[in-house]
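S.K.: Dropping the structure in here first, questions after.
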Number of protein chains: 2
Amino acid sequence: MTLGDFIMEIVRELNIRHMFGVPGDYNLRFLDYIVEKGEVDWIGNCNELNAAYTADGYARENGIAALVTTHGVGELSAANGIAGAYAHNVPVMHIVGYPNSSLLENDVPVHHTLGNYKKNNFLDSFSSISGAETILTAHNYLPELQRVISNMLTTKKPCYIGLPTDLVDMEISKTISHITFKRINQDTYRVPETTEAIVQRFKKAKRPIFILGINIARFGWREAVTKLLEKTQSKFVTTLMGKSIINETDIATPNYLGIYAAGYSSEGILELVQNADCIISIGTTETDMNSGGFIDTGIDCANVISIKPEGIKIGKELYMDISVEMLLEALQLALPKDLHRDFIFPLKPRDAIDVLSISKKPLEHSYFWQLIAERFIHEGDIVVAEAGTSLFGLLHQNLPTGIDFVSQILWASIGYTLPAAVGSAIASPARKVMLFIGDGSIQLTAQELSLIARHQLDITIFLINNDGYTIERAIHGPEQPYNDISMWKYLDLANALGIKKTLSAHTYGELITQEEQILSKGPKMVEVFFDKLDYPPLLKQISDQLEEANRQ
Amino acid sequence: MTLGDFIMEIVRELNIRHMFGVPGDYNLRFLDYIVEKGEVDWIGNCNELNAAYTADGYARENGIAALVTTHGVGELSAANGIAGAYAHNVPVMHIVGYPNSSLLENDVPVHHTLGNYKKNNFLDSFSSISGAETILTAHNYLPELQRVISNMLTTKKPCYIGLPTDLVDMEISKTISHITFKRINQDTYRVPETTEAIVQRFKKAKRPIFILGINIARFGWREAVTKLLEKTQSKFVTTLMGKSIINETDIATPNYLGIYAAGYSSEGILELVQNADCIISIGTTETDMNSGGFIDTGIDCANVISIKPEGIKIGKELYMDISVEMLLEALQLALPKDLHRDFIFPLKPRDAIDVLSISKKPLEHSYFWQLIAERFIHEGDIVVAEAGTSLFGLLHQNLPTGIDFVSQILWASIGYTLPAAVGSAIASPARKVMLFIGDGSIQLTAQELSLIARHQLDITIFLINNDGYTIERAIHGPEQPYNDISMWKYLDLANALGIKKTLSAHTYGELITQEEQILSKGPKMVEVFFDKLDYPPLLKQISDQLEEANRQ
């Protein structure tokens with residue numbers, strides 16, 4: 001067996017069935033191993049940033065992904081995508097094709113280097129934005145692969161593996177049985193006492209509530225948390241980042257109330273959470289947007305039980321290194337049914353939109369997103385929402401059962417969602433992907449439209465054309481020229497890159513009359529037009545806060 | 001005056017008339033300063049990698065450029081472009097909009113951070129790929145701006161300036177007169193003795209020759225070297241990277257012989273250089289391609305005088321920190337006319353192509369590039385050649401007078417040339433830009449076609465459509481699927497992004513009959529078709545060598 005075979009065995013062992021990237025002369029020999037066995041599909045992206053985003057979208061569906069780039073030029077192009085995966089705990093194994101070992105050892109200024117060559121130049125660029133990094137040698141490959149991959153599986157952060165081109169075909173004596181990937185710091189010893197402490201508080205509470213965050217998905221706790229909620233029948237809310245993490249409308253878990261994000265909460269939710277006397281927060285994340293701008297919200301920390309990958313906190317007590325998987329399992333057995341003792345739920349469902357009455361009106365963010373949620377998103381869809389008007393339009397809409405909601409609220413890199421949607425669609429070919437992206441954002445990564453066409457992915461792209469960077473206009477300089485962009489012919493672009501089905505709508509009526517076509521299977525782009533200064537209410541609220549924070 | 005005003009005064013002082021980048025909420029306040037004065041034009045790119053490439057192309061024409069990105073997401077997307085500028089000594093001032101100072105000091109996990117926020121996370125990612133880096137504070141801005149910009153002007157490497165958003169409007173007491181940018185380590189003291197040593201060797205030589213490299217352009221020595229050659233009438237060659245650095249066909253410097261790159265030299269040149277007894281090499285760079293694969297070429301180092309920014313070497317004697325500007329001036333006065341004592345020049349000009357005889361033939365690399373050089377490139381053009389079939393097709397062609405030849409032989413990042421051409425055209429609007437780029441390469445950065453249209457730049461894009469990554473096919477895996485790409489409708493794409501004039505040619509006849517249209521002013525794309533396995537001879541030679549180096 002060669003090192004190339006060995007790495008591909010690891011890839012398959014990790015359940016990676018597709019690999020993304022761009023060929024370059026330092027990774028070509030490794031690519032041979034991908035394409036020749038045929039068990040793993042090579043998906044060539046148009047560029048490396050897009051490839052990193054695609055890998056991120058794939059990992060969110062598949063649990064893990066792999067990206068292959070070439071030394072210097074390729075890997076650095078992927079840096080933003082890798083950092084985004086780091087910020088959002090998305091495990092991406094980044095394999096970088098390096099020049100051959102003897103050139104590395106002798107600092108020879110080959111192409112794709114800076115000329116003043118140092119072996120670690122680019123690895124250093126990734127040290128803050130990856131969980132663990134290595135450059136393989138003939139001697140270190142076994143312990144180093146074990147170390148960086150174990151770190152990735154534990155922390156869910158991307159890892160970086162430099163693979164010198166001459167080592168790919170090197171015969172090795174080890175096999176897959178010699179390597180073990182172990183998750184570090186996962187004690188089960190104190191699970192019973194932690195469980196007991198939580199159960200005691202829960203039983204005493206009269207107004208308990210669960211707050212659910214995105215790390216439930218990232219760390220694979222979705223099934224366990226769903227069962228916990230089915231058992232207790234507790235009321236729950238999600239953070240912005242945790243949108244749709246548990247079914248919002250399922251009869252098995254009928255107690256979804258809305259979004260909690262301090263000042264950015266959906267209607268009525270802030271008061272409910274403030275009045276709760278036992279808040280069980282699972283997998284949540286503190287960031288400016290997700291935490292409602294860090295505005296003090298009058299929650300008593302003594303009432304909060306926080307369950308996170310990095311530790312459990314019960315009031316002021318901290319329990320480190322507890323296995324959350326084991327804890328969730330124990331809680332499911334131990335927590336009683338929640339009788340909603342004296343909790344008041346003033347929320348009532350919003351009225352459905354009367355499309356006929358607004359049929360001839362131009363599209364506006366005030367109704368558009370509710371209509372989208374009611375008519376264009378269905379059970380089991382993957383909803384991908386760009387961090388702009390799309391995301392902030394959709395967050396406060398209730399969505400059907402079984403949705404995966406893909407977005408980047410913390411890293412918030414515009415252009416992310418188009419390649420990410422590609423990755424999600426490749427990972428889950430049986431599911432429909434509904435992508436919502438603005439004109440400013442799609443311009444960053446538009447070339448991957450061709451990947452949608454090439455693989456005939458079931459992605460419907462809603463192109464929100466509002467003539468520029470509307471999210472930036474909302475924050476600062478609504479009429480400044482730097483927020484203008486070139487007006488492209490987006491549907492012609494989609495055609496030129498191979499997407500044959502294109503539609504457009506200016507009014508609600510035009511949108512609804514094309515419902516069937518829009519919901520049909522296969523790649524398509526639907527261009528919808530908005531005024532450049534029309535913002536979803538949540539976006540306006542958040543952007544005012546951001547502008548204030550920038551000025552302070 | 002505010003810090004924003006102060007930075008813009010520096011920008012103007014450095015002769016930067018356009019700034020490139022993408023808006024983001026941490027740089028919007030600074031962008032106000034760019035657009036409101038009106039003396040510097042803001043050019044918004046589609047994404048940050050493209051912006052960095054555009055800045056690079058602009059700096060090659062203008063001497064220096066500035067790029068504005070936003071924290072995390074924006075800056076990291078530019079990393080590959082910044083590293084390319086570093087490798088090729090292109091000074092790009094990279095201004096990164098940071099969150100406000102109080103958030104930075106308190107490590108608040110705002111958006112566009114990794115969540116586990118550390119102030120220097122992203123600055124660290126740039127420390128190997130920039131010359132000097134800083135994050136400005138209310139107290140350090142004056143010495144830090146002086147330090148990083150002085151470093152940039154001395155080394156020609158890009159610099160990194162983190163600008164917290166709250167500091168932009170901060171009132172300051174300093175003015176532009178308080179800051180001095182000084183080039184470091186530029187002694188003039190030993191110029192006379194160095195000059196004398198060179199003159200002695202030159203006078204004794206019977207077969208002297210000059211080898212000219214790209215750093216002549218990067219360090220602003222072009223005029224001085226031209227004068228030196230006019231004075232001495234010496235024979236000269238250029239390296240691959242130094243292509244067209246001095247007029248190849250000018251009557252004032254009629255002694256251009258061809259390209260010297262060891263094993264990749266143009267016909268007859270290797271022998272000439274091997275037989276020279278005094279080789280004056282100016283501004284050359286050692287890299288695998290530029291040095292002909294590091295193949296031993298039988299040159300006696302004792303005969304070499306090497307003049308580089310980092311030091312002068314005469315035989316085995318090293319003279320550090322000498323001012324090259326002063327040395328070139330002194331040499332111009334002191335060197336006598338070169339009488340080509342017993343040098344033999346067996347070279348004769350190639351016969352012009354007889355277009356009629358091949359009119360109906362499909363385009364092939366064997367003749368195409370000579371035809372391009374003879375008919376489609378004219379005096380004063382800026383020729384931008386992508387590191388693929390385009391570059392390796394053009395390098396061995398003689399080009400007219402006054403050409404700037406823009407390429408990336410060391411860093412060799414595919415996709416670079418389209419945005420770089422945009423930057424060159426913006427810096428030199430009176431000159432025609434001829435861009436040669438392949439289909440595989442244009443897919444990485446294609447969105448900037450819209451910038452060409454938006455600013456109606458005088459760029460003719462020759463799109464070399466050879467159905468995939470032909471340069472990679474030449475190196476490894478000619479028929480492997482990873483070297484295939486999606487076939488786009490490139491002319492439709494250009495139309496969709498605003499370029500109205502599009503042409504195409506399969507044969508020499510089709511190309512020549514459209515000569516007038518192709519040479520007309522304004523944006524246009526000319527799609528030319530080649531067989532996917534047809535390589536220019538130099539590319540085949542280099543790629544065989546690279547494949548060998550990868551395997552060793």
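For the structure tokens, the naming scheme is as follows: chains receive sequential letters (A, B, ...) according to their order of presentation, residues are indexed from 1 within each chain, and ligands are indexed from 1 in presentation order.
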Enumerate the residues of stretch 447-550 of chain B with a DSSP assignment of alpha helix (DSSP H), computed from the backbone, and present them as a PyMOL selection string.

M.R.: chain B and resi 449-454+470-475+490-496+508-513+515-519+537-550

S.K.: May I have the residues from that selection written out with C-alpha atoms, as a tab-separated table (two decimals), in the first residue's frame?

M.R.:
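Output saved as out-v7.tsv:
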chain	number	residue	atom	x	y	z
B	449	LEU	CA	-15.38	40.90	-16.86
B	450	SER	CA	-18.09	43.16	-15.49
B	451	LEU	CA	-15.51	45.67	-14.27
B	452	ILE	CA	-14.07	45.86	-17.79
B	453	ALA	CA	-17.55	46.63	-19.08
B	454	ARG	CA	-18.47	49.02	-16.27
B	470	THR	CA	-4.08	22.24	-20.52
B	471	ILE	CA	-1.05	23.27	-18.47
B	472	GLU	CA	-1.90	20.54	-15.95
B	473	ARG	CA	-2.51	18.05	-18.77
B	474	ALA	CA	1.01	18.85	-19.96
B	475	ILE	CA	2.43	18.12	-16.51
B	490	TYR	CA	-17.80	32.36	-22.82
B	491	LEU	CA	-19.08	34.95	-25.26
B	492	ASP	CA	-22.58	34.76	-23.76
B	493	LEU	CA	-20.98	35.16	-20.35
B	494	ALA	CA	-19.15	38.29	-21.52
B	495	ASN	CA	-22.45	39.66	-22.85
B	496	ALA	CA	-24.30	38.86	-19.62
B	508	TYR	CA	-5.95	31.55	-38.95
B	509	GLY	CA	-8.08	32.96	-41.74
B	510	GLU	CA	-10.99	33.69	-39.42
B	511	LEU	CA	-8.63	35.44	-37.07
B	512	ILE	CA	-6.93	37.60	-39.68
B	513	THR	CA	-10.13	38.69	-41.39
B	515	GLU	CA	-7.98	41.90	-37.39
B	516	GLU	CA	-9.41	45.40	-37.61
B	517	GLN	CA	-12.28	44.71	-35.23
B	518	ILE	CA	-10.01	42.94	-32.79
B	519	LEU	CA	-7.66	45.91	-32.75
B	537	PRO	CA	6.90	23.86	-27.23
B	538	LEU	CA	8.24	25.77	-24.20
B	539	LEU	CA	5.33	24.61	-22.05
B	540	LYS	CA	5.98	20.99	-22.98
B	541	GLN	CA	9.65	21.39	-22.12
B	542	ILE	CA	8.96	23.03	-18.74
B	543	SER	CA	6.14	20.72	-17.77
B	544	ASP	CA	8.25	17.62	-18.43
B	545	GLN	CA	10.85	19.10	-16.11
B	546	LEU	CA	8.25	19.88	-13.42
B	547	GLU	CA	6.81	16.40	-13.57
B	548	GLU	CA	10.32	15.04	-13.15
B	549	ALA	CA	10.95	17.35	-10.14
B	550	ASN	CA	7.69	16.25	-8.52

S.K.: May I have the residues of chain A within 6 Å of chain B, counting only C-alpha atoms, written as a PyMOL selection string?

M.R.: chain A and resi 46-47+73+76-77+79-80+87+100+109-112+114-115+121+125+128+165-166+287-288+410-411+413+443-444+488-489+492-493+496-497+550-551

S.K.: State, in Å with one decimal place, the distance from atom CA of A:Ser504 to atom CA of A:Met525.

M.R.: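 Atom-to-atom, atom CA of A:Ser504 and atom CA of A:Met525 are spaced 8.1 Å apart.
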
S.K.: By how many Å are atom CA of A:Gly4 and atom CA of A:Lys182 apart?

M.R.: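 Taking atom CA of A:Gly4 and atom CA of A:Lys182, their separation equals 22.2 Å.
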
S.K.: Taking 6 positions as the minimum chain separation for residues in the same chain, which residues sit within 10 Å of A:Arg147 when counting only C-alpha atoms? Answer as a PyMOL selection string.

M.R.: chain A and resi 132-134+141+159+179-182

S.K.: Got a sec: who's within 7 Å of A:Val92, counting only C-alpha atoms, leaving out chain neighbours fewer than 3 positions off, as a ChimeraX atom specification?

M.R.: /A:55-56,59,64-67,158-159

S.K.: Identify all residues of stretch 81-150 of chain A in strand (DSSP E) (DSSP on the backbone) and supply them as a PyMOL selection string.

M.R.: chain A and resi 92-98+132-135
